[in-house]
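A.B. asks: My file is protein-v1.txt. It has compact mmCIF, C-alpha atoms and all ligand atoms:
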```txt
# COMPACT_ATOMS: atom_id res chain seq x y z
CA MET A 497 -116.67 -3.23 66.98
CA LEU A 498 -118.92 -3.39 70.04
CA PRO A 499 -117.54 -2.10 73.38
CA PRO A 500 -115.97 -4.91 75.48
CA ILE A 501 -118.84 -5.06 77.98
CA GLU A 502 -121.34 -5.59 75.15
CA ARG A 503 -119.18 -8.27 73.55
CA ALA A 504 -118.93 -10.05 76.89
CA ALA A 505 -122.71 -9.72 77.40
CA GLU A 506 -123.31 -11.24 73.98
CA LEU A 507 -121.07 -14.22 74.79
CA ILE A 508 -122.84 -14.74 78.10
CA ALA A 509 -126.32 -14.36 76.59
CA ARG A 510 -125.52 -17.15 74.10
CA SER A 511 -123.76 -19.40 76.60
CA LYS A 512 -125.34 -22.68 77.64
CA ASP A 513 -122.43 -23.99 79.68
CA LEU A 514 -121.11 -21.00 81.53
CA VAL A 515 -118.47 -21.69 84.17
CA VAL A 516 -117.34 -18.97 86.58
CA LEU A 517 -114.01 -18.90 88.43
CA THR A 518 -113.74 -16.42 91.29
CA GLY A 519 -110.82 -15.21 93.41
CA ALA A 520 -110.28 -12.92 96.34
CA GLY A 521 -110.99 -9.86 94.12
CA ILE A 522 -114.74 -10.63 93.99
CA SER A 523 -114.91 -10.20 97.77
CA THR A 524 -112.83 -7.04 98.30
CA GLU A 525 -115.99 -4.93 97.81
CA SER A 526 -117.49 -6.96 100.68
CA GLY A 527 -114.65 -5.69 102.89
CA ILE A 528 -112.40 -8.77 102.78
CA PRO A 529 -108.88 -7.80 101.67
CA ASP A 530 -107.28 -9.87 98.91
CA PHE A 531 -103.73 -11.19 99.11
CA ARG A 532 -101.89 -9.35 96.40
CA SER A 533 -103.35 -5.85 96.10
CA PRO A 534 -101.56 -3.07 98.02
CA GLY A 535 -102.78 -3.27 101.62
CA GLY A 536 -103.72 -6.95 101.07
CA ILE A 537 -103.28 -9.61 103.73
CA TRP A 538 -99.69 -10.45 102.79
CA SER A 539 -98.55 -6.87 103.26
CA LYS A 540 -99.36 -7.43 106.95
CA TYR A 541 -98.50 -11.07 107.67
CA ASP A 542 -95.66 -13.26 106.48
CA PRO A 543 -97.09 -16.03 104.24
CA GLU A 544 -93.98 -18.17 104.78
CA GLN A 545 -95.07 -18.64 108.37
CA PHE A 546 -98.56 -19.96 107.69
CA THR A 547 -97.74 -23.22 105.94
CA TYR A 548 -99.49 -26.53 106.54
CA GLN A 549 -96.23 -28.08 107.73
CA ASN A 550 -95.73 -25.36 110.34
CA PHE A 551 -99.32 -25.69 111.49
CA VAL A 552 -99.22 -29.47 112.01
CA SER A 553 -95.76 -29.68 113.51
CA ASN A 554 -95.33 -26.62 115.67
CA PRO A 555 -97.65 -25.51 118.53
CA ALA A 556 -96.09 -22.02 118.48
CA HIS A 557 -97.16 -21.60 114.83
CA ARG A 558 -100.65 -22.85 115.63
CA ARG A 559 -100.93 -20.31 118.45
CA SER A 560 -99.87 -17.45 116.18
CA TYR A 561 -102.32 -18.69 113.49
CA TRP A 562 -105.25 -18.66 115.93
CA GLN A 563 -104.04 -15.30 117.27
CA MET A 564 -104.11 -13.88 113.71
CA SER A 565 -107.58 -15.39 113.26
CA LEU A 566 -108.89 -13.25 116.11
CA GLU A 567 -108.19 -10.26 113.86
CA ILE A 568 -109.14 -11.73 110.48
CA HIS A 569 -112.09 -14.02 111.20
CA PRO A 570 -114.51 -11.36 112.49
CA VAL A 571 -114.04 -9.43 109.20
CA LEU A 572 -114.87 -12.54 107.23
CA ALA A 573 -117.82 -13.51 109.42
CA ALA A 574 -119.38 -10.05 109.17
CA ALA A 575 -118.93 -9.69 105.39
CA GLN A 576 -122.02 -9.53 103.20
CA PRO A 577 -122.24 -10.64 99.56
CA ASN A 578 -121.87 -7.76 97.08
CA ALA A 579 -123.35 -7.03 93.65
CA ALA A 580 -120.91 -9.40 91.93
CA HIS A 581 -121.90 -12.41 94.08
CA VAL A 582 -125.56 -11.51 93.49
CA ALA A 583 -124.94 -11.30 89.71
CA VAL A 584 -123.38 -14.77 89.70
CA ALA A 585 -126.40 -16.16 91.58
CA GLU A 586 -128.68 -14.48 89.01
CA LEU A 587 -126.86 -16.24 86.14
CA GLU A 588 -127.65 -19.53 87.86
CA ARG A 589 -131.34 -18.59 88.22
CA ARG A 590 -131.40 -18.02 84.46
CA GLY A 591 -130.33 -21.63 84.00
CA GLN A 592 -127.07 -20.77 82.25
CA LEU A 593 -124.53 -21.51 84.92
CA ARG A 594 -122.91 -24.93 85.10
CA ALA A 595 -120.65 -24.21 88.10
CA VAL A 596 -118.93 -21.58 90.22
CA ILE A 597 -115.37 -22.61 90.98
CA THR A 598 -114.09 -20.44 93.80
CA GLN A 599 -110.67 -19.95 95.34
CA ASN A 600 -112.43 -18.08 98.14
CA ILE A 601 -113.05 -19.46 101.58
CA ASP A 602 -115.65 -16.90 102.64
CA GLY A 603 -118.92 -18.65 101.70
CA LEU A 604 -120.29 -15.47 100.08
CA HIS A 605 -121.50 -17.18 96.87
CA GLN A 606 -123.81 -19.45 98.84
CA ARG A 607 -124.98 -16.52 100.96
CA ALA A 608 -125.81 -14.57 97.78
CA GLY A 609 -128.06 -17.43 96.61
CA SER A 610 -125.79 -19.71 94.55
CA SER A 611 -126.76 -23.35 95.18
CA PRO A 612 -124.18 -25.06 97.41
CA GLU A 613 -124.02 -28.01 94.98
CA ARG A 614 -122.92 -25.70 92.16
CA VAL A 615 -120.20 -23.97 94.21
CA ILE A 616 -116.86 -25.79 94.11
CA GLU A 617 -114.57 -24.54 96.88
CA ILE A 618 -111.15 -25.62 95.69
CA HIS A 619 -109.38 -23.95 98.63
CA GLY A 620 -111.86 -25.17 101.23
CA THR A 621 -113.90 -23.03 103.59
CA ALA A 622 -113.11 -20.83 106.57
CA LEU A 623 -116.56 -21.50 107.99
CA ALA A 624 -115.69 -24.95 109.30
CA VAL A 625 -112.90 -26.53 111.35
CA VAL A 626 -111.69 -30.13 111.04
CA CYS A 627 -109.83 -32.42 113.40
CA LEU A 628 -106.68 -33.58 111.64
CA SER A 629 -106.78 -36.89 113.58
CA CYS A 630 -110.41 -38.12 113.59
CA GLY A 631 -111.89 -35.92 110.84
CA ASP A 632 -114.60 -34.46 113.10
CA ARG A 633 -116.01 -31.28 111.58
CA LEU A 634 -117.19 -28.31 113.65
CA PRO A 635 -118.69 -24.89 112.92
CA ARG A 636 -115.89 -22.29 112.84
CA GLU A 637 -117.87 -19.97 115.10
CA ASP A 638 -117.82 -22.53 117.93
CA VAL A 639 -114.05 -22.93 117.77
CA GLN A 640 -113.48 -19.20 117.32
CA ALA A 641 -115.47 -18.63 120.55
CA ARG A 642 -113.18 -21.09 122.35
CA VAL A 643 -110.09 -19.23 121.06
CA LEU A 644 -111.60 -15.94 122.18
CA GLY A 645 -112.23 -17.57 125.56
CA GLY A 646 -108.51 -18.32 125.96
CA GLU A 647 -107.83 -21.66 124.19
CA THR A 648 -104.68 -20.66 122.31
CA ASP A 649 -104.28 -24.04 120.52
CA PRO A 650 -107.78 -25.62 120.55
CA ARG A 651 -107.92 -29.43 120.58
CA CYS A 652 -110.58 -31.87 119.35
CA ARG A 653 -113.00 -32.75 122.13
CA GLU A 654 -113.57 -36.21 120.63
CA CYS A 655 -109.96 -37.38 120.36
CA GLY A 656 -107.61 -34.60 121.50
CA GLY A 657 -106.29 -34.11 117.93
CA THR A 658 -105.21 -30.84 116.32
CA LEU A 659 -108.05 -28.65 115.05
CA LYS A 660 -107.50 -26.74 111.80
CA PRO A 661 -109.78 -24.46 109.79
CA ALA A 662 -111.09 -26.37 106.73
CA THR A 663 -109.13 -24.17 104.36
CA VAL A 664 -106.30 -25.35 102.11
CA SER A 665 -103.09 -23.88 103.55
CA PHE A 666 -99.85 -23.27 101.70
CA GLY A 667 -98.12 -26.62 101.30
CA GLN A 668 -101.34 -28.60 101.86
CA ALA A 669 -102.71 -30.98 99.21
CA MET A 670 -105.62 -29.70 97.13
CA PRO A 671 -108.93 -31.53 97.72
CA GLU A 672 -108.99 -34.28 95.06
CA ARG A 673 -112.73 -34.34 94.35
CA GLU A 674 -113.12 -30.57 94.03
CA THR A 675 -109.98 -30.20 91.90
CA ALA A 676 -111.07 -32.95 89.51
CA LEU A 677 -114.58 -31.47 89.27
CA ALA A 678 -113.18 -28.01 88.57
CA PHE A 679 -111.11 -29.30 85.64
CA GLU A 680 -114.08 -31.29 84.28
CA HIS A 681 -116.22 -28.17 84.31
CA ALA A 682 -113.47 -26.09 82.69
CA GLU A 683 -113.24 -28.63 79.88
CA ARG A 684 -116.99 -28.57 79.24
CA ALA A 685 -117.48 -24.80 79.43
CA ASP A 686 -118.46 -22.82 76.33
CA VAL A 687 -117.75 -19.55 78.17
CA PHE A 688 -115.32 -19.37 81.10
CA LEU A 689 -115.71 -16.21 83.16
CA VAL A 690 -112.98 -15.23 85.64
CA ILE A 691 -113.88 -12.63 88.28
CA GLY A 692 -111.29 -11.09 90.63
CA SER A 693 -108.36 -13.45 90.41
CA SER A 694 -104.70 -12.65 89.83
CA LEU A 695 -104.47 -16.10 88.13
CA VAL A 696 -101.07 -16.78 89.62
CA VAL A 697 -102.06 -19.43 92.21
CA HIS A 698 -101.90 -22.96 90.76
CA PRO A 699 -103.68 -25.16 89.90
CA ALA A 700 -106.56 -22.63 89.78
CA ALA A 701 -104.57 -20.48 87.38
CA TYR A 702 -104.44 -23.36 84.93
CA LEU A 703 -108.25 -23.69 84.73
CA PRO A 704 -108.76 -20.86 82.18
CA VAL A 705 -105.96 -22.33 80.04
CA ARG A 706 -107.65 -25.74 80.07
CA ALA A 707 -111.02 -24.13 79.26
CA VAL A 708 -109.62 -22.22 76.26
CA GLU A 709 -107.73 -25.30 75.01
CA SER A 710 -111.06 -27.17 75.17
CA GLY A 711 -112.84 -24.53 73.07
CA ALA A 712 -114.29 -22.05 75.57
CA LYS A 713 -114.30 -18.30 75.14
CA LEU A 714 -112.56 -16.63 78.06
CA VAL A 715 -113.87 -13.45 79.71
CA ILE A 716 -111.81 -11.86 82.51
CA VAL A 717 -113.14 -9.25 84.95
CA ASN A 718 -110.19 -8.00 87.02
CA LEU A 719 -108.66 -4.73 88.16
CA GLN A 720 -105.09 -5.74 87.30
CA PRO A 721 -103.50 -7.64 84.40
CA THR A 722 -103.28 -11.44 84.65
CA PRO A 723 -101.03 -13.97 82.88
CA CYS A 724 -104.10 -15.19 80.91
CA ASP A 725 -105.08 -11.81 79.46
CA GLU A 726 -103.68 -12.63 76.03
CA MET A 727 -105.88 -15.65 75.57
CA ALA A 728 -109.07 -13.85 76.66
CA SER A 729 -111.81 -13.06 74.13
CA VAL A 730 -112.85 -10.09 76.27
CA LEU A 731 -111.03 -8.28 79.10
CA LEU A 732 -113.06 -6.10 81.44
CA ARG A 733 -110.71 -4.02 83.51
CA GLY A 734 -113.06 -2.80 86.26
CA LYS A 735 -114.52 -3.41 89.67
CA ALA A 736 -116.29 -6.72 90.00
CA GLY A 737 -119.52 -5.35 91.53
CA GLU A 738 -120.45 -2.75 88.93
CA THR A 739 -119.00 -4.74 86.02
CA MET A 740 -120.91 -7.91 86.86
CA ALA A 741 -124.16 -6.03 87.56
CA ALA A 742 -123.88 -4.37 84.12
CA LEU A 743 -122.93 -7.64 82.43
CA VAL A 744 -125.89 -9.50 83.86
CA GLU A 745 -128.29 -6.72 82.90
CA LEU A 746 -126.92 -6.38 79.36
CA SER A 747 -126.86 -10.10 78.75
CA ALA A 748 -130.57 -10.36 79.67
CA SER A 749 -131.69 -7.83 77.05
P1 LIG B 801 -105.25 -12.54 94.66
O1 LIG B 801 -105.21 -11.74 95.92
O2 LIG B 801 -104.02 -13.18 94.16
O3 LIG B 801 -105.78 -11.61 93.46
C1 LIG B 801 -106.94 -10.85 93.54
C2 LIG B 801 -107.12 -10.13 92.20
O4 LIG B 801 -108.36 -9.45 92.27
C3 LIG B 801 -106.04 -9.08 91.92
O5 LIG B 801 -105.51 -9.30 90.61
C4 LIG B 801 -106.78 -7.72 91.99
O6 LIG B 801 -106.38 -6.84 90.99
C5 LIG B 801 -108.21 -8.16 91.73
N1 LIG B 801 -109.20 -7.31 92.43
C6 LIG B 801 -109.15 -6.83 93.69
N2 LIG B 801 -110.29 -6.16 93.98
C7 LIG B 801 -111.06 -6.23 92.86
C8 LIG B 801 -112.35 -5.73 92.53
N3 LIG B 801 -113.08 -5.02 93.39
N4 LIG B 801 -112.83 -6.01 91.29
C9 LIG B 801 -112.11 -6.72 90.38
N5 LIG B 801 -110.88 -7.21 90.64
C10 LIG B 801 -110.37 -6.98 91.87
O7 LIG B 801 -106.41 -13.58 94.89
P2 LIG B 801 -106.67 -15.01 94.24
O8 LIG B 801 -106.42 -14.96 92.78
O9 LIG B 801 -107.98 -15.45 94.74
O10 LIG B 801 -105.58 -15.97 94.89
C11 LIG B 801 -105.08 -15.88 96.18
C12 LIG B 801 -105.59 -16.81 97.25
O11 LIG B 801 -106.23 -15.99 98.18
C13 LIG B 801 -106.60 -17.82 96.94
O12 LIG B 801 -106.01 -19.02 97.24
C14 LIG B 801 -107.75 -17.60 97.93
O13 LIG B 801 -108.04 -18.82 98.55
C15 LIG B 801 -107.20 -16.69 98.95
N6 LIG B 801 -107.99 -15.60 99.55
C16 LIG B 801 -109.34 -15.70 99.68
C17 LIG B 801 -110.06 -14.66 100.24
C18 LIG B 801 -111.54 -14.81 100.38
O14 LIG B 801 -112.02 -15.91 100.60
N7 LIG B 801 -112.30 -13.73 100.24
C19 LIG B 801 -109.41 -13.49 100.64
C20 LIG B 801 -108.01 -13.42 100.52
C21 LIG B 801 -107.31 -14.50 99.95
```
Let me see whether you can do it: turn the structure in this file into structure tokens.
Ligand code: NAD
C.D. replies:
Amino acid sequence: MLPPIERAAELIARSKDLVVLTGAGISTESGIPDFRSPGGIWSKYDPEQFTYQNFVSNPAHRRSYWQMSLEIHPVLAAAQPNAAHVAVAELERRGQLRAVITQNIDGLHQRAGSSPERVIEIHGTALAVVCLSCGDRLPREDVQARVLGGETDPRCRECGGTLKPATVSFGQAMPERETALAFEHAERADVFLVIGSSLVVHPAAYLPVRAVESGAKLVIVNLQPTPCDEMASVLLRGKAGETMAALVELSAS
């Protein structure tokens, strides 16, 4: 039997409808901590506090959110795409990739060269801010500068409404269009490739299940076990950057 990386490369080389799902693990090598690894974001902050309900209803929670963002946002803004993001963009250039569904909010797929229209951000983006009252949308950098300048709970300059980063918070509804699109792509995939996700956050964690039920072969690149490992055709237990670079090279030959 071929080594796992070669089996995965063979599946990818033959794929015509490849769909990629990425999680926080694809961006750790870019310096952005994930949530669930040791030293991840939730070992430092209490996730219970940062719910949508707290954010909309309680100015004290909003202030502590923006205060936390002064520490976290600069890391995200300075991060550069790594070899795994570049490998995903290369698969698109080869004409094989149908879509990249990402749980990430860091914009690194687009910065690595993936076309924005092929990247489905099911948890939103940290690079924009929206007004919860009038829907006005602003660049995150502009609002971050206001917070740095002393606005502890920045308000919309159009209508005075609450400003919130355009990410999907705990307890907030998933974006309908993106979620529906993600499931459509999962159902049409012939190969479904997961990179750097613990596959415990729903509904994203259900996408590989739907893909396999619809006939796709599942390939998982992740450092730790996931609940979907048993249904995978190939498991690649390694770092996303080197594994994806090798996979893209092998699948081209
Ligand atoms: P997660 O933190 O639950 O899991 C990350 C997985 O990636 C873990 O299983 C870990 O073993 C694996 N991993 C870590 N580094 C890796 C590497 N270098 N190579 C391969 N695997 C690696 O993340 P998740 O599944 O995306 O779900 C949590 C939520 O976190 C998502 O909703 C996402 O929106 C959010 N999040 C996003 C970012 C980001 O945008 N970069 C960062 C932190 C959290």
A.B. asks: Enter the distance from atom CA of A:Ala583 to atom CA of A:Glu745, in Å, rounded to one decimal.
C.D. replies: 8.9 Å
A.B. asks: Would you list the residues that come within 7 Å of ligand LIG 801 (chain B)? Count all atoms listed in the file and give the answer as a PyMOL selection string.
C.D. replies: chain A and resi 518-525+528-533+537+599-602+619+691-697+717-722+734-737
A.B. asks: Export, as a PDB file, in the coordinates of the input, the selected residues with C-alpha atoms.
C.D. replies:
```
ATOM      1  CA  THR A 518    -113.740 -16.420  91.290  1.00  0.00           C
ATOM      2  CA  GLY A 519    -110.820 -15.210  93.410  1.00  0.00           C
ATOM      3  CA  ALA A 520    -110.280 -12.920  96.340  1.00  0.00           C
ATOM      4  CA  GLY A 521    -110.990  -9.860  94.120  1.00  0.00           C
ATOM      5  CA  ILE A 522    -114.740 -10.630  93.990  1.00  0.00           C
ATOM      6  CA  SER A 523    -114.910 -10.200  97.770  1.00  0.00           C
ATOM      7  CA  THR A 524    -112.830  -7.040  98.300  1.00  0.00           C
ATOM      8  CA  GLU A 525    -115.990  -4.930  97.810  1.00  0.00           C
ATOM      9  CA  ILE A 528    -112.400  -8.770 102.780  1.00  0.00           C
ATOM     10  CA  PRO A 529    -108.880  -7.800 101.670  1.00  0.00           C
ATOM     11  CA  ASP A 530    -107.280  -9.870  98.910  1.00  0.00           C
ATOM     12  CA  PHE A 531    -103.730 -11.190  99.110  1.00  0.00           C
ATOM     13  CA  ARG A 532    -101.890  -9.350  96.400  1.00  0.00           C
ATOM     14  CA  SER A 533    -103.350  -5.850  96.100  1.00  0.00           C
ATOM     15  CA  ILE A 537    -103.280  -9.610 103.730  1.00  0.00           C
ATOM     16  CA  GLN A 599    -110.670 -19.950  95.340  1.00  0.00           C
ATOM     17  CA  ASN A 600    -112.430 -18.080  98.140  1.00  0.00           C
ATOM     18  CA  ILE A 601    -113.050 -19.460 101.580  1.00  0.00           C
ATOM     19  CA  ASP A 602    -115.650 -16.900 102.640  1.00  0.00           C
ATOM     20  CA  HIS A 619    -109.380 -23.950  98.630  1.00  0.00           C
ATOM     21  CA  ILE A 691    -113.880 -12.630  88.280  1.00  0.00           C
ATOM     22  CA  GLY A 692    -111.290 -11.090  90.630  1.00  0.00           C
ATOM     23  CA  SER A 693    -108.360 -13.450  90.410  1.00  0.00           C
ATOM     24  CA  SER A 694    -104.700 -12.650  89.830  1.00  0.00           C
ATOM     25  CA  LEU A 695    -104.470 -16.100  88.130  1.00  0.00           C
ATOM     26  CA  VAL A 696    -101.070 -16.780  89.620  1.00  0.00           C
ATOM     27  CA  VAL A 697    -102.060 -19.430  92.210  1.00  0.00           C
ATOM     28  CA  VAL A 717    -113.140  -9.250  84.950  1.00  0.00           C
ATOM     29  CA  ASN A 718    -110.190  -8.000  87.020  1.00  0.00           C
ATOM     30  CA  LEU A 719    -108.660  -4.730  88.160  1.00  0.00           C
ATOM     31  CA  GLN A 720    -105.090  -5.740  87.300  1.00  0.00           C
ATOM     32  CA  PRO A 721    -103.500  -7.640  84.400  1.00  0.00           C
ATOM     33  CA  THR A 722    -103.280 -11.440  84.650  1.00  0.00           C
ATOM     34  CA  GLY A 734    -113.060  -2.800  86.260  1.00  0.00           C
ATOM     35  CA  LYS A 735    -114.520  -3.410  89.670  1.00  0.00           C
ATOM     36  CA  ALA A 736    -116.290  -6.720  90.000  1.00  0.00           C
ATOM     37  CA  GLY A 737    -119.520  -5.350  91.530  1.00  0.00           C
TER      38      GLY A 737
END
```
A.B. asks: Quick one, how far is atom CA of A:Pro577 from atom CA of A:Val744?
C.D. replies: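 Separation of atom CA of A:Pro577 and atom CA of A:Val744: 16.2 Å.
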A.B. asks: Can you work out which one of A:Asp638, A:His681, A:His557, A:Gly645 has the shortest atom-to-atom distance to A:Ile616, counting all atoms listed in the file?
C.D. replies: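 Going through A:Asp638, A:His681, A:His557, A:Gly645 one by one, the smallest distance to A:Ile616 is for A:His681.
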A.B. asks: Taking all listed atoms of stretch 687-704 of chain A, build the axis-aligned box, pad each of the six sides by 3 Å, then write its centre and edge lengths in Å to one decimal as lines of an AutoDock Vina configuration file.
C.D. replies:
```
center_x = -109.4
center_y = -18.1
center_z = 85.2
size_x = 22.7
size_y = 20.1
size_z = 20.0
```
A.B. asks: Would you list the residues near (-105.4, -24.7, 89.1), meaning any protein, DNA or RNA residue with an atom at most 12 Å from that point in file coordinates, counting all atoms listed in the file, as a PDB file with C-alpha atoms, in the coordinates of the input?
C.D. replies:
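Result file follows (part_1.pdb):
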```pdb
ATOM      1  CA  LEU A 517    -114.010 -18.900  88.430  1.00  0.00           C
ATOM      2  CA  THR A 518    -113.740 -16.420  91.290  1.00  0.00           C
ATOM      3  CA  GLY A 519    -110.820 -15.210  93.410  1.00  0.00           C
ATOM      4  CA  ILE A 597    -115.370 -22.610  90.980  1.00  0.00           C
ATOM      5  CA  THR A 598    -114.090 -20.440  93.800  1.00  0.00           C
ATOM      6  CA  GLN A 599    -110.670 -19.950  95.340  1.00  0.00           C
ATOM      7  CA  ILE A 618    -111.150 -25.620  95.690  1.00  0.00           C
ATOM      8  CA  HIS A 619    -109.380 -23.950  98.630  1.00  0.00           C
ATOM      9  CA  MET A 670    -105.620 -29.700  97.130  1.00  0.00           C
ATOM     10  CA  PRO A 671    -108.930 -31.530  97.720  1.00  0.00           C
ATOM     11  CA  GLU A 672    -108.990 -34.280  95.060  1.00  0.00           C
ATOM     12  CA  GLU A 674    -113.120 -30.570  94.030  1.00  0.00           C
ATOM     13  CA  THR A 675    -109.980 -30.200  91.900  1.00  0.00           C
ATOM     14  CA  ALA A 676    -111.070 -32.950  89.510  1.00  0.00           C
ATOM     15  CA  LEU A 677    -114.580 -31.470  89.270  1.00  0.00           C
ATOM     16  CA  ALA A 678    -113.180 -28.010  88.570  1.00  0.00           C
ATOM     17  CA  PHE A 679    -111.110 -29.300  85.640  1.00  0.00           C
ATOM     18  CA  GLU A 680    -114.080 -31.290  84.280  1.00  0.00           C
ATOM     19  CA  ALA A 682    -113.470 -26.090  82.690  1.00  0.00           C
ATOM     20  CA  SER A 693    -108.360 -13.450  90.410  1.00  0.00           C
ATOM     21  CA  LEU A 695    -104.470 -16.100  88.130  1.00  0.00           C
ATOM     22  CA  VAL A 696    -101.070 -16.780  89.620  1.00  0.00           C
ATOM     23  CA  VAL A 697    -102.060 -19.430  92.210  1.00  0.00           C
ATOM     24  CA  HIS A 698    -101.900 -22.960  90.760  1.00  0.00           C
ATOM     25  CA  PRO A 699    -103.680 -25.160  89.900  1.00  0.00           C
ATOM     26  CA  ALA A 700    -106.560 -22.630  89.780  1.00  0.00           C
ATOM     27  CA  ALA A 701    -104.570 -20.480  87.380  1.00  0.00           C
ATOM     28  CA  TYR A 702    -104.440 -23.360  84.930  1.00  0.00           C
ATOM     29  CA  LEU A 703    -108.250 -23.690  84.730  1.00  0.00           C
ATOM     30  CA  PRO A 704    -108.760 -20.860  82.180  1.00  0.00           C
ATOM     31  CA  VAL A 705    -105.960 -22.330  80.040  1.00  0.00           C
ATOM     32  CA  ARG A 706    -107.650 -25.740  80.070  1.00  0.00           C
ATOM     33  CA  ALA A 707    -111.020 -24.130  79.260  1.00  0.00           C
TER      34      ALA A 707
END
```
A.B. asks: May I ask which of the residues A:Glu647, A:Asp686, A:Glu544, A:Glu588 is the closest one to A:Leu507, counting only C-alpha atoms?
C.D. replies: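 Residue with the minimum atom-to-atom distance to A:Leu507: A:Asp686.
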A.B. asks: What lies within 12 Å of A:Arg503 using all atoms listed in the file, ignoring chain neighbours under 5 positions off, as a VMD selection string?
C.D. replies: chain A and resid 497 to 498 508 to 510 713 to 715 728 to 732 743 746 to 747
A.B. asks: Rounded to one decimal place, report the atom CA of A:Pro661-atom CA of A:Ser526 distance in Å.
C.D. replies: 21.2 Å
A.B. asks: Write out as JSON lines the residues of stretch 531-593 of chain A that have any atom within 12 Å of an atom of stretch 651-656 of chain A, one row each with the nearest atom pair and its distance in Å to one decimal, counting all atoms listed in the file, sorted by chain and then rising number.
C.D. replies:
```
{"residue": "A:Pro555", "atom": "CA", "partner": "A:Arg651", "partner_atom": "CA", "distance": 11.2}
{"residue": "A:Arg558", "atom": "CA", "partner": "A:Arg651", "partner_atom": "CA", "distance": 11.0}
{"residue": "A:Arg559", "atom": "CA", "partner": "A:Arg651", "partner_atom": "CA", "distance": 11.7}
```
A.B. asks: Taking only C-alpha atoms into account, which of A:Leu572, A:Ala585, A:Ala662, A:Ala504 comes nearest A:Val625?
C.D. replies: A:Ala662
A.B. asks: Find the residues around A:Leu634 up to 9 Å (only C-alpha atoms counted), leave out those fewer than 6 positions away in its own chain, and share them as number ranges by chain.
C.D. replies: A: 623-627
